[in-house]
Amino acid sequence: MTVEYLAEQTKQSRQLIFDLDNTIYLETEFLFRVYNEISKTAVNINSKIVYEFLKKTFLKEGRNNLFNKLENSFPAESFSVEKSLHIMRNYQCNSCINILPWFKEFLSKMSNEFIIKIITNGAPQQQLNKINSINFFWPKDLIEIVTASSYKPKPNIQSFYHLKDAKKFISPIYVGDSLTDEEFCKNLNIEFYDIRKNNKI
C-alpha cells in the first residue's frame, strides 16, 4: 500500500520528494477552474458553451493548441492564446482545491514537523499559484517547492540540488506519476515510486 510503505520509509530517515500535478492533487481540478475563468470573458456567447468546449476538447485531444482551437472556434469573441495563457498563469484561489485522498492519509501519519518537498515542471508562477490554491491541511511554511522550469525541467536533475540539504539526503524517494518522473529518477539514480501503479487515484 502506498501510504504504509512511504510512511515506513520516512521512519528509516529516507527523504520523500513529490511531483505535484496528478500526484498530490488532480490537475483537472485546477485546469477546469481556469477554463471557467476564461469562459467568463466571453461577450457574444453563453460562457457555459465556451467552458464545455474547453473541457471536452481537453479531455478528448489534450492541451496541445487548446487555446488556438478556442480562438479559431469562436472568431466573434476576443479570445487569444496570449490572453488565455495570462489567465491560466495568474489564476489562483484560496485553498479551493483538494489533495488526493492517499496524500491526505499519508500526511495524517506524519509528525507535525514533516516537510513536504515538491519538485514540479511547468510555468513557475503557475505552479506556485497552484500551491496557494491547494488545501494541504498542512502549514504552508512546511512546504518546500522547487519549480524545475526555473532551472531545467525534469528529467534534467538540476532542480533536485535546489532542495535544501539535498546532498545530505539518505536514499531519497521521488513520488510521481509519469515517464518523465521515472527518467528523472534514473538520471539521479534514486528510487521512483509510481503513484499510478501503487495507488488508485
# chains A, B, ... in the order shown; residues from 1 in each chain; ligands from 1

$ residues_around --residues "A:Ile17" --least-positions-apart "6" --cutoff "10 Å" --atoms "only C-alpha atoms" --output "PDB file with all heavy atoms, in the first residue's frame"
ATOM      1  N   ILE A 115       8.305  17.977   6.438  1.00  0.00           N
ATOM      2  CA  ILE A 115       8.367  18.964   5.368  1.00  0.00           C
ATOM      3  C   ILE A 115       7.969  18.305   4.047  1.00  0.00           C
ATOM      4  O   ILE A 115       8.565  17.308   3.638  1.00  0.00           O
ATOM      5  CB  ILE A 115       9.778  19.574   5.250  1.00  0.00           C
ATOM      6  CG1 ILE A 115      10.136  20.319   6.546  1.00  0.00           C
ATOM      7  CG2 ILE A 115       9.856  20.523   4.052  1.00  0.00           C
ATOM      8  CD1 ILE A 115      11.558  20.834   6.583  1.00  0.00           C
ATOM      9  N   ILE A 116       6.958  18.844   3.400  1.00  0.00           N
ATOM     10  CA  ILE A 116       6.531  18.358   2.092  1.00  0.00           C
ATOM     11  C   ILE A 116       7.467  18.954   1.043  1.00  0.00           C
ATOM     12  O   ILE A 116       7.449  20.163   0.798  1.00  0.00           O
ATOM     13  CB  ILE A 116       5.081  18.761   1.784  1.00  0.00           C
ATOM     14  CG1 ILE A 116       4.131  18.240   2.865  1.00  0.00           C
ATOM     15  CG2 ILE A 116       4.661  18.249   0.408  1.00  0.00           C
ATOM     16  CD1 ILE A 116       2.704  18.754   2.716  1.00  0.00           C
ATOM     17  N   LYS A 117       8.288  18.113   0.437  1.00  0.00           N
ATOM     18  CA  LYS A 117       9.232  18.562  -0.586  1.00  0.00           C
ATOM     19  C   LYS A 117       8.650  18.257  -1.968  1.00  0.00           C
ATOM     20  O   LYS A 117       8.248  17.125  -2.233  1.00  0.00           O
ATOM     21  CB  LYS A 117      10.581  17.849  -0.422  1.00  0.00           C
ATOM     22  CG  LYS A 117      11.279  18.118   0.907  1.00  0.00           C
ATOM     23  CD  LYS A 117      12.572  17.323   0.982  1.00  0.00           C
ATOM     24  CE  LYS A 117      13.354  17.624   2.244  1.00  0.00           C
ATOM     25  NZ  LYS A 117      12.660  17.142   3.468  1.00  0.00           N
ATOM     26  N   ILE A 118       8.613  19.276  -2.820  1.00  0.00           N
ATOM     27  CA  ILE A 118       7.996  19.142  -4.140  1.00  0.00           C
ATOM     28  C   ILE A 118       8.949  19.641  -5.215  1.00  0.00           C
ATOM     29  O   ILE A 118       9.540  20.714  -5.075  1.00  0.00           O
ATOM     30  CB  ILE A 118       6.684  19.955  -4.218  1.00  0.00           C
ATOM     31  CG1 ILE A 118       5.663  19.425  -3.197  1.00  0.00           C
ATOM     32  CG2 ILE A 118       6.099  19.905  -5.634  1.00  0.00           C
ATOM     33  CD1 ILE A 118       4.446  20.330  -3.047  1.00  0.00           C
ATOM     34  N   ILE A 119       9.096  18.845  -6.270  1.00  0.00           N
ATOM     35  CA  ILE A 119       9.760  19.311  -7.493  1.00  0.00           C
ATOM     36  C   ILE A 119       8.764  19.147  -8.629  1.00  0.00           C
ATOM     37  O   ILE A 119       8.268  18.043  -8.868  1.00  0.00           O
ATOM     38  CB  ILE A 119      11.043  18.514  -7.807  1.00  0.00           C
ATOM     39  CG1 ILE A 119      12.072  18.685  -6.683  1.00  0.00           C
ATOM     40  CG2 ILE A 119      11.647  18.986  -9.134  1.00  0.00           C
ATOM     41  CD1 ILE A 119      13.346  17.874  -6.906  1.00  0.00           C
ATOM     42  N   GLU A 144       8.101  22.880   0.880  1.00  0.00           N
ATOM     43  CA  GLU A 144       9.245  23.369   0.113  1.00  0.00           C
ATOM     44  C   GLU A 144       9.031  22.987  -1.348  1.00  0.00           C
ATOM     45  O   GLU A 144       8.911  21.806  -1.669  1.00  0.00           O
ATOM     46  CB  GLU A 144      10.554  22.752   0.619  1.00  0.00           C
ATOM     47  CG  GLU A 144      11.774  23.221  -0.162  1.00  0.00           C
ATOM     48  CD  GLU A 144      13.062  22.519   0.249  1.00  0.00           C
ATOM     49  OE1 GLU A 144      13.013  21.618   1.124  1.00  0.00           O
ATOM     50  OE2 GLU A 144      14.120  22.855  -0.314  1.00  0.00           O
ATOM     51  N   ILE A 145       8.969  23.969  -2.214  1.00  0.00           N
ATOM     52  CA  ILE A 145       8.717  23.688  -3.627  1.00  0.00           C
ATOM     53  C   ILE A 145       9.855  24.213  -4.491  1.00  0.00           C
ATOM     54  O   ILE A 145      10.330  25.338  -4.303  1.00  0.00           O
ATOM     55  CB  ILE A 145       7.367  24.296  -4.083  1.00  0.00           C
ATOM     56  CG1 ILE A 145       7.136  24.008  -5.583  1.00  0.00           C
ATOM     57  CG2 ILE A 145       7.277  25.772  -3.790  1.00  0.00           C
ATOM     58  CD1 ILE A 145       5.741  24.326  -6.065  1.00  0.00           C
ATOM     59  N   PHE A 160      16.807  19.056  -8.549  1.00  0.00           N
ATOM     60  CA  PHE A 160      16.937  18.268  -7.316  1.00  0.00           C
ATOM     61  C   PHE A 160      17.891  18.944  -6.333  1.00  0.00           C
ATOM     62  O   PHE A 160      17.647  18.978  -5.121  1.00  0.00           O
ATOM     63  CB  PHE A 160      17.433  16.854  -7.645  1.00  0.00           C
ATOM     64  CG  PHE A 160      17.667  15.982  -6.446  1.00  0.00           C
ATOM     65  CD1 PHE A 160      16.617  15.295  -5.857  1.00  0.00           C
ATOM     66  CD2 PHE A 160      18.938  15.842  -5.901  1.00  0.00           C
ATOM     67  CE1 PHE A 160      16.830  14.483  -4.746  1.00  0.00           C
ATOM     68  CE2 PHE A 160      19.161  15.035  -4.797  1.00  0.00           C
ATOM     69  CZ  PHE A 160      18.101  14.356  -4.221  1.00  0.00           C
ATOM     70  N   LEU A 163      16.841  21.689  -3.727  1.00  0.00           N
ATOM     71  CA  LEU A 163      16.188  21.378  -2.460  1.00  0.00           C
ATOM     72  C   LEU A 163      17.178  21.621  -1.329  1.00  0.00           C
ATOM     73  O   LEU A 163      18.371  21.340  -1.465  1.00  0.00           O
ATOM     74  CB  LEU A 163      15.719  19.919  -2.434  1.00  0.00           C
ATOM     75  CG  LEU A 163      14.526  19.545  -3.306  1.00  0.00           C
ATOM     76  CD1 LEU A 163      14.387  18.029  -3.368  1.00  0.00           C
ATOM     77  CD2 LEU A 163      13.233  20.175  -2.772  1.00  0.00           C
ATOM     78  N   PRO A 172      16.939   8.934  -1.045  1.00  0.00           N
ATOM     79  CA  PRO A 172      15.658   9.597  -1.281  1.00  0.00           C
ATOM     80  C   PRO A 172      14.753   8.840  -2.246  1.00  0.00           C
ATOM     81  O   PRO A 172      15.217   8.035  -3.061  1.00  0.00           O
ATOM     82  CB  PRO A 172      16.072  10.948  -1.872  1.00  0.00           C
ATOM     83  CG  PRO A 172      17.408  10.700  -2.481  1.00  0.00           C
ATOM     84  CD  PRO A 172      18.073   9.697  -1.589  1.00  0.00           C
ATOM     85  N   ILE A 173      13.480   9.101  -2.129  1.00  0.00           N
ATOM     86  CA  ILE A 173      12.455   8.510  -2.997  1.00  0.00           C
ATOM     87  C   ILE A 173      11.698   9.656  -3.663  1.00  0.00           C
ATOM     88  O   ILE A 173      11.301  10.611  -2.991  1.00  0.00           O
ATOM     89  CB  ILE A 173      11.455   7.659  -2.201  1.00  0.00           C
ATOM     90  CG1 ILE A 173      12.171   6.547  -1.434  1.00  0.00           C
ATOM     91  CG2 ILE A 173      10.386   7.064  -3.129  1.00  0.00           C
ATOM     92  CD1 ILE A 173      11.260   5.807  -0.464  1.00  0.00           C
ATOM     93  N   TYR A 174      11.522   9.545  -4.972  1.00  0.00           N
ATOM     94  CA  TYR A 174      10.700  10.530  -5.676  1.00  0.00           C
ATOM     95  C   TYR A 174       9.369   9.888  -6.023  1.00  0.00           C
ATOM     96  O   TYR A 174       9.315   8.824  -6.653  1.00  0.00           O
ATOM     97  CB  TYR A 174      11.394  11.025  -6.943  1.00  0.00           C
ATOM     98  CG  TYR A 174      10.671  12.183  -7.587  1.00  0.00           C
ATOM     99  CD1 TYR A 174      10.805  13.470  -7.080  1.00  0.00           C
ATOM    100  CD2 TYR A 174       9.845  11.995  -8.684  1.00  0.00           C
ATOM    101  CE1 TYR A 174      10.136  14.547  -7.654  1.00  0.00           C
ATOM    102  CE2 TYR A 174       9.175  13.056  -9.265  1.00  0.00           C
ATOM    103  CZ  TYR A 174       9.331  14.334  -8.744  1.00  0.00           C
ATOM    104  OH  TYR A 174       8.655  15.390  -9.315  1.00  0.00           O
ATOM    105  N   VAL A 175       8.292  10.527  -5.599  1.00  0.00           N
ATOM    106  CA  VAL A 175       6.943  10.016  -5.827  1.00  0.00           C
ATOM    107  C   VAL A 175       6.327  10.804  -6.979  1.00  0.00           C
ATOM    108  O   VAL A 175       6.155  12.026  -6.890  1.00  0.00           O
ATOM    109  CB  VAL A 175       6.073  10.167  -4.561  1.00  0.00           C
ATOM    110  CG1 VAL A 175       4.684   9.580  -4.798  1.00  0.00           C
ATOM    111  CG2 VAL A 175       6.755   9.504  -3.365  1.00  0.00           C
ATOM    112  N   GLY A 176       6.018  10.110  -8.076  1.00  0.00           N
ATOM    113  CA  GLY A 176       5.482  10.795  -9.246  1.00  0.00           C
ATOM    114  C   GLY A 176       4.521   9.937 -10.030  1.00  0.00           C
ATOM    115  O   GLY A 176       4.115   8.853  -9.567  1.00  0.00           O
ATOM    116  N   PHE A 192      12.205   5.501  -7.741  1.00  0.00           N
ATOM    117  CA  PHE A 192      10.994   6.126  -8.256  1.00  0.00           C
ATOM    118  C   PHE A 192       9.799   5.362  -7.726  1.00  0.00           C
ATOM    119  O   PHE A 192       9.706   4.153  -7.886  1.00  0.00           O
ATOM    120  CB  PHE A 192      10.989   6.108  -9.785  1.00  0.00           C
ATOM    121  CG  PHE A 192       9.685   6.566 -10.407  1.00  0.00           C
ATOM    122  CD1 PHE A 192       9.146   7.797 -10.094  1.00  0.00           C
ATOM    123  CD2 PHE A 192       9.019   5.772 -11.330  1.00  0.00           C
ATOM    124  CE1 PHE A 192       7.961   8.239 -10.663  1.00  0.00           C
ATOM    125  CE2 PHE A 192       7.836   6.195 -11.918  1.00  0.00           C
ATOM    126  CZ  PHE A 192       7.306   7.429 -11.587  1.00  0.00           C
ATOM    127  N   TYR A 193       8.893   6.068  -7.106  1.00  0.00           N
ATOM    128  CA  TYR A 193       7.665   5.442  -6.634  1.00  0.00           C
ATOM    129  C   TYR A 193       6.518   5.927  -7.512  1.00  0.00           C
ATOM    130  O   TYR A 193       6.131   7.098  -7.452  1.00  0.00           O
ATOM    131  CB  TYR A 193       7.407   5.775  -5.167  1.00  0.00           C
ATOM    132  CG  TYR A 193       6.401   4.846  -4.545  1.00  0.00           C
ATOM    133  CD1 TYR A 193       6.791   3.609  -4.015  1.00  0.00           C
ATOM    134  CD2 TYR A 193       5.054   5.168  -4.517  1.00  0.00           C
ATOM    135  CE1 TYR A 193       5.861   2.746  -3.467  1.00  0.00           C
ATOM    136  CE2 TYR A 193       4.123   4.308  -3.976  1.00  0.00           C
ATOM    137  CZ  TYR A 193       4.531   3.097  -3.452  1.00  0.00           C
ATOM    138  OH  TYR A 193       3.615   2.234  -2.916  1.00  0.00           O
TER     139      TYR A 193
END

$ residues_around --residues "A:Asn22" --least-positions-apart "3" --cutoff "10 Å" --atoms "only C-alpha atoms" --output "NGL selection string"
:A and (19 or 25-29 or 99-100 or 176-178 or 195-196 or 201)

$ atom_distance --atom1 "atom CA of A:Thr180" --atom2 "atom CA of A:Phe106"
23.6 Å

$ residues_around --residues "stretch 30-37 of chain A" --least-positions-apart "6" --cutoff "10 Å" --atoms "only C-alpha atoms" --output "PyMOL selection string"
chain A and resi 21+47-48+50-55+58+63+84-85+87-93+96-98+129-130+133-134

$ residues_around --residues "A:Lys109" --least-positions-apart "3" --cutoff "12 Å" --atoms "only C-alpha atoms" --output "list in words"
Val3, Glu4, Tyr5, Leu6, Ala7, Glu8, Gln9, Thr10, Lys11, Trp102, Phe103, Lys104, Glu105, Phe106, Asn112, Glu113 and Phe114 of chain A

$ write_last_selection --atoms "all heavy atoms" --output "compact mmCIF listing (two decimals), in the first residue's frame"
# COMPACT_ATOMS: atom_id res chain seq x y z
N VAL A 3 0.53 4.39 1.22
CA VAL A 3 0.67 5.17 2.45
C VAL A 3 1.57 4.46 3.45
O VAL A 3 2.49 5.06 4.01
CB VAL A 3 -0.72 5.45 3.06
CG1 VAL A 3 -0.57 6.09 4.42
CG2 VAL A 3 -1.53 6.33 2.13
N GLU A 4 1.33 3.18 3.65
CA GLU A 4 2.10 2.43 4.64
C GLU A 4 3.58 2.36 4.25
O GLU A 4 4.45 2.54 5.09
CB GLU A 4 1.53 1.02 4.82
CG GLU A 4 0.21 0.97 5.58
CD GLU A 4 -0.98 1.44 4.76
OE1 GLU A 4 -0.85 1.62 3.53
OE2 GLU A 4 -2.06 1.63 5.35
N TYR A 5 3.84 2.08 2.99
CA TYR A 5 5.22 1.96 2.54
C TYR A 5 5.96 3.28 2.69
O TYR A 5 7.06 3.33 3.26
CB TYR A 5 5.28 1.51 1.08
CG TYR A 5 6.68 1.49 0.52
CD1 TYR A 5 7.59 0.51 0.87
CD2 TYR A 5 7.11 2.50 -0.35
CE1 TYR A 5 8.89 0.51 0.37
CE2 TYR A 5 8.40 2.51 -0.86
CZ TYR A 5 9.29 1.51 -0.49
OH TYR A 5 10.57 1.52 -0.97
N LEU A 6 5.37 4.34 2.19
CA LEU A 6 6.04 5.63 2.24
C LEU A 6 6.22 6.13 3.67
O LEU A 6 7.27 6.69 4.02
CB LEU A 6 5.28 6.66 1.41
CG LEU A 6 5.24 6.39 -0.10
CD1 LEU A 6 4.38 7.43 -0.81
CD2 LEU A 6 6.65 6.37 -0.70
N ALA A 7 5.23 5.91 4.50
CA ALA A 7 5.34 6.32 5.90
C ALA A 7 6.47 5.56 6.58
O ALA A 7 7.23 6.13 7.37
CB ALA A 7 4.02 6.09 6.62
N GLU A 8 6.58 4.28 6.27
CA GLU A 8 7.64 3.46 6.88
C GLU A 8 9.02 3.95 6.43
O GLU A 8 9.97 3.95 7.23
CB GLU A 8 7.45 2.00 6.48
CG GLU A 8 8.45 1.04 7.12
CD GLU A 8 8.42 1.04 8.63
OE1 GLU A 8 7.33 1.24 9.22
OE2 GLU A 8 9.50 0.86 9.24
N GLN A 9 9.15 4.36 5.19
CA GLN A 9 10.44 4.83 4.70
C GLN A 9 10.90 6.10 5.41
O GLN A 9 12.09 6.30 5.65
CB GLN A 9 10.39 5.06 3.18
CG GLN A 9 10.05 3.83 2.37
CD GLN A 9 10.82 2.59 2.79
OE1 GLN A 9 12.05 2.57 2.73
NE2 GLN A 9 10.10 1.58 3.24
N THR A 10 9.96 6.97 5.76
CA THR A 10 10.34 8.18 6.49
C THR A 10 10.88 7.84 7.88
O THR A 10 11.74 8.55 8.40
CB THR A 10 9.14 9.15 6.64
OG1 THR A 10 8.13 8.56 7.46
CG2 THR A 10 8.56 9.52 5.28
N LYS A 11 10.38 6.75 8.45
CA LYS A 11 10.89 6.32 9.76
C LYS A 11 12.32 5.81 9.67
O LYS A 11 13.03 5.75 10.68
CB LYS A 11 9.98 5.22 10.34
CG LYS A 11 8.58 5.70 10.67
CD LYS A 11 7.71 4.56 11.17
CE LYS A 11 6.29 5.01 11.44
NZ LYS A 11 5.42 3.89 11.87
N TRP A 102 -5.16 9.67 -0.93
CA TRP A 102 -3.99 8.93 -0.46
C TRP A 102 -2.99 9.87 0.21
O TRP A 102 -2.37 9.52 1.21
CB TRP A 102 -3.32 8.17 -1.61
CG TRP A 102 -2.36 9.00 -2.43
CD1 TRP A 102 -2.61 9.66 -3.58
CD2 TRP A 102 -0.99 9.27 -2.11
NE1 TRP A 102 -1.49 10.33 -4.02
CE2 TRP A 102 -0.48 10.11 -3.13
CE3 TRP A 102 -0.14 8.89 -1.08
CZ2 TRP A 102 0.84 10.57 -3.14
CZ3 TRP A 102 1.17 9.34 -1.08
CH2 TRP A 102 1.64 10.18 -2.11
N PHE A 103 -2.86 11.09 -0.33
CA PHE A 103 -1.89 12.03 0.20
C PHE A 103 -2.37 12.59 1.54
O PHE A 103 -1.57 12.80 2.46
CB PHE A 103 -1.63 13.15 -0.80
CG PHE A 103 -0.44 14.00 -0.45
CD1 PHE A 103 0.84 13.46 -0.45
CD2 PHE A 103 -0.59 15.33 -0.12
CE1 PHE A 103 1.95 14.23 -0.12
CE2 PHE A 103 0.50 16.12 0.20
CZ PHE A 103 1.78 15.57 0.21
N LYS A 104 -3.65 12.81 1.64
CA LYS A 104 -4.21 13.28 2.92
C LYS A 104 -4.01 12.23 4.00
O LYS A 104 -3.64 12.54 5.14
CB LYS A 104 -5.70 13.58 2.75
CG LYS A 104 -6.33 14.22 3.98
CD LYS A 104 -7.77 14.62 3.71
CE LYS A 104 -8.37 15.33 4.92
NZ LYS A 104 -9.79 15.72 4.66
N GLU A 105 -4.22 10.96 3.63
CA GLU A 105 -3.99 9.87 4.59
C GLU A 105 -2.52 9.78 4.98
O GLU A 105 -2.17 9.58 6.14
CB GLU A 105 -4.46 8.54 3.99
CG GLU A 105 -4.33 7.37 4.95
CD GLU A 105 -4.74 6.05 4.34
OE1 GLU A 105 -5.27 6.05 3.19
OE2 GLU A 105 -4.53 5.01 5.00
N PHE A 106 -1.64 9.94 3.98
CA PHE A 106 -0.21 9.91 4.25
C PHE A 106 0.18 11.00 5.24
O PHE A 106 0.89 10.75 6.23
CB PHE A 106 0.57 10.08 2.95
CG PHE A 106 2.03 10.36 3.14
CD1 PHE A 106 2.90 9.34 3.49
CD2 PHE A 106 2.53 11.65 3.01
CE1 PHE A 106 4.26 9.61 3.69
CE2 PHE A 106 3.87 11.92 3.20
CZ PHE A 106 4.74 10.90 3.55
N ASN A 112 4.17 16.55 13.01
CA ASN A 112 3.85 17.94 12.64
C ASN A 112 5.08 18.74 12.24
O ASN A 112 4.99 19.95 12.02
CB ASN A 112 3.11 18.65 13.78
CG ASN A 112 3.89 18.64 15.08
OD1 ASN A 112 5.09 18.33 15.10
ND2 ASN A 112 3.23 18.98 16.18
N GLU A 113 6.23 18.07 12.11
CA GLU A 113 7.45 18.72 11.63
C GLU A 113 7.83 18.24 10.23
O GLU A 113 8.84 18.68 9.68
CB GLU A 113 8.61 18.45 12.59
CG GLU A 113 8.39 19.03 13.99
CD GLU A 113 9.55 18.74 14.92
OE1 GLU A 113 10.42 17.92 14.54
OE2 GLU A 113 9.57 19.30 16.02
N PHE A 114 7.02 17.36 9.65
CA PHE A 114 7.32 16.82 8.33
C PHE A 114 7.27 17.92 7.27
O PHE A 114 6.33 18.71 7.22
CB PHE A 114 6.33 15.72 7.96
CG PHE A 114 6.55 15.12 6.60
CD1 PHE A 114 7.60 14.23 6.39
CD2 PHE A 114 5.73 15.46 5.53
CE1 PHE A 114 7.81 13.67 5.12
CE2 PHE A 114 5.93 14.90 4.28
CZ PHE A 114 6.98 14.02 4.08

$ residues_around --residues "stretch 168-171 of chain A" --least-positions-apart "5" --cutoff "8 Å" --atoms "only C-alpha atoms" --output "ChimeraX atom specification"
/A:13-15,190-191

$ write_last_selection --atoms "N, CA and C atoms" --output "mmCIF file, in the first residue's frame"
data_model
loop_
_atom_site.group_PDB
_atom_site.id
_atom_site.type_symbol
_atom_site.label_atom_id
_atom_site.label_comp_id
_atom_site.auth_asym_id
_atom_site.auth_seq_id
_atom_site.Cartn_x
_atom_site.Cartn_y
_atom_site.Cartn_z
ATOM 1 N N SER A 13 14.522 7.357 7.977
ATOM 2 C CA SER A 13 15.286 8.581 7.674
ATOM 3 C C SER A 13 15.484 8.808 6.180
ATOM 4 N N ARG A 14 14.644 8.192 5.360
ATOM 5 C CA ARG A 14 14.705 8.450 3.923
ATOM 6 C C ARG A 14 13.853 9.671 3.604
ATOM 7 N N GLN A 15 14.356 10.499 2.697
ATOM 8 C CA GLN A 15 13.622 11.703 2.313
ATOM 9 C C GLN A 15 12.662 11.391 1.167
ATOM 10 N N ILE A 190 17.992 7.319 -8.079
ATOM 11 C CA ILE A 190 17.224 7.203 -6.840
ATOM 12 C C ILE A 190 15.946 6.409 -7.121
ATOM 13 N N GLU A 191 15.268 5.996 -6.069
ATOM 14 C CA GLU A 191 14.051 5.199 -6.217
ATOM 15 C C GLU A 191 12.908 6.063 -6.752
#

$ atom_distance --atom1 "atom CA of A:Lys167" --atom2 "atom CA of A:Asn187"
15.2 Å

$ select_by_dssp --residues "stretch 7-44 of chain A" --states "strand (DSSP E or B)" --output "ChimeraX atom specification"
/A:16-18,21,25

$ write_last_selection --atoms "N, CA, C and O atoms" --output "PDB file, in the first residue's frame"
ATOM      1  N   LEU A  16      11.466  11.947   1.245  1.00  0.00           N
ATOM      2  CA  LEU A  16      10.482  11.811   0.178  1.00  0.00           C
ATOM      3  C   LEU A  16      10.355  13.138  -0.549  1.00  0.00           C
ATOM      4  O   LEU A  16      10.276  14.192   0.084  1.00  0.00           O
ATOM      5  N   ILE A  17      10.363  13.071  -1.870  1.00  0.00           N
ATOM      6  CA  ILE A  17      10.127  14.249  -2.708  1.00  0.00           C
ATOM      7  C   ILE A  17       8.959  13.905  -3.621  1.00  0.00           C
ATOM      8  O   ILE A  17       8.864  12.784  -4.131  1.00  0.00           O
ATOM      9  N   PHE A  18       8.078  14.870  -3.817  1.00  0.00           N
ATOM     10  CA  PHE A  18       6.858  14.611  -4.568  1.00  0.00           C
ATOM     11  C   PHE A  18       6.765  15.463  -5.830  1.00  0.00           C
ATOM     12  O   PHE A  18       7.173  16.625  -5.852  1.00  0.00           O
ATOM     13  N   ASP A  21       1.449  17.818  -9.961  1.00  0.00           N
ATOM     14  CA  ASP A  21       0.257  17.552 -10.765  1.00  0.00           C
ATOM     15  C   ASP A  21      -0.012  16.064 -10.897  1.00  0.00           C
ATOM     16  O   ASP A  21       0.850  15.289 -11.313  1.00  0.00           O
ATOM     17  N   TYR A  25      -2.472  16.160  -6.204  1.00  0.00           N
ATOM     18  CA  TYR A  25      -3.851  16.557  -6.498  1.00  0.00           C
ATOM     19  C   TYR A  25      -4.120  16.279  -7.975  1.00  0.00           C
ATOM     20  O   TYR A  25      -3.186  16.026  -8.742  1.00  0.00           O
TER      21      TYR A  25
END

$ residues_around --residues "A:Ala42" --least-positions-apart "3" --cutoff "9 Å" --atoms "only C-alpha atoms" --output "mmCIF file with N, CA and C atoms, in the first residue's frame"
data_model
loop_
_atom_site.group_PDB
_atom_site.id
_atom_site.type_symbol
_atom_site.label_atom_id
_atom_site.label_comp_id
_atom_site.auth_asym_id
_atom_site.auth_seq_id
_atom_site.Cartn_x
_atom_site.Cartn_y
_atom_site.Cartn_z
ATOM 1 N N ILE A 38 -11.727 31.631 -18.033
ATOM 2 C CA ILE A 38 -11.570 32.060 -19.427
ATOM 3 C C ILE A 38 -12.939 32.218 -20.092
ATOM 4 N N SER A 39 -13.835 31.280 -19.819
ATOM 5 C CA SER A 39 -15.165 31.320 -20.446
ATOM 6 C C SER A 39 -15.951 32.558 -20.032
ATOM 7 N N ILE A 45 -21.388 35.134 -26.538
ATOM 8 C CA ILE A 45 -21.912 33.772 -26.472
ATOM 9 C C ILE A 45 -21.957 33.336 -25.012
ATOM 10 N N ASN A 46 -22.876 32.443 -24.706
ATOM 11 C CA ASN A 46 -23.017 31.960 -23.331
ATOM 12 C C ASN A 46 -21.709 31.336 -22.840
ATOM 13 N N SER A 47 -21.254 31.742 -21.682
ATOM 14 C CA SER A 47 -19.979 31.259 -21.149
ATOM 15 C C SER A 47 -19.964 29.743 -20.940
ATOM 16 N N VAL A 50 -18.606 27.974 -23.969
ATOM 17 C CA VAL A 50 -17.152 28.081 -24.057
ATOM 18 C C VAL A 50 -16.490 27.126 -23.080
ATOM 19 N N GLU A 77 -15.486 36.289 -30.715
ATOM 20 C CA GLU A 77 -15.044 36.673 -29.370
ATOM 21 C C GLU A 77 -13.613 37.220 -29.413
ATOM 22 N N SER A 78 -13.194 37.783 -28.308
ATOM 23 C CA SER A 78 -11.846 38.379 -28.241
ATOM 24 C C SER A 78 -10.828 37.416 -27.635
ATOM 25 N N PHE A 79 -11.094 36.108 -27.759
ATOM 26 C CA PHE A 79 -10.144 35.124 -27.230
ATOM 27 C C PHE A 79 -8.830 35.202 -28.001
#

$ select_by_dssp --residues "chain A" --states "alpha helix (DSSP H)" --output "ChimeraX atom specification"
/A:2-11,27-39,47-61,66-73,81-90,101-108,124-133,179-188,195-198

$ residues_around --residues "A:Asn121" --least-positions-apart "6" --cutoff "7 Å" --atoms "only C-alpha atoms" --output "list in words"
Thr147, Ala148, Ser149, Pro153 and Lys154 of chain A

$ atom_distance --atom1 "atom CA of A:Phe136" --atom2 "atom CA of A:Met110"
13.1 Å

$ closest_residue --among "A:Leu20, A:Phe67, A:Gly62, A:Ala166" --to "A:His86" --atoms "only C-alpha atoms"
A:Phe67
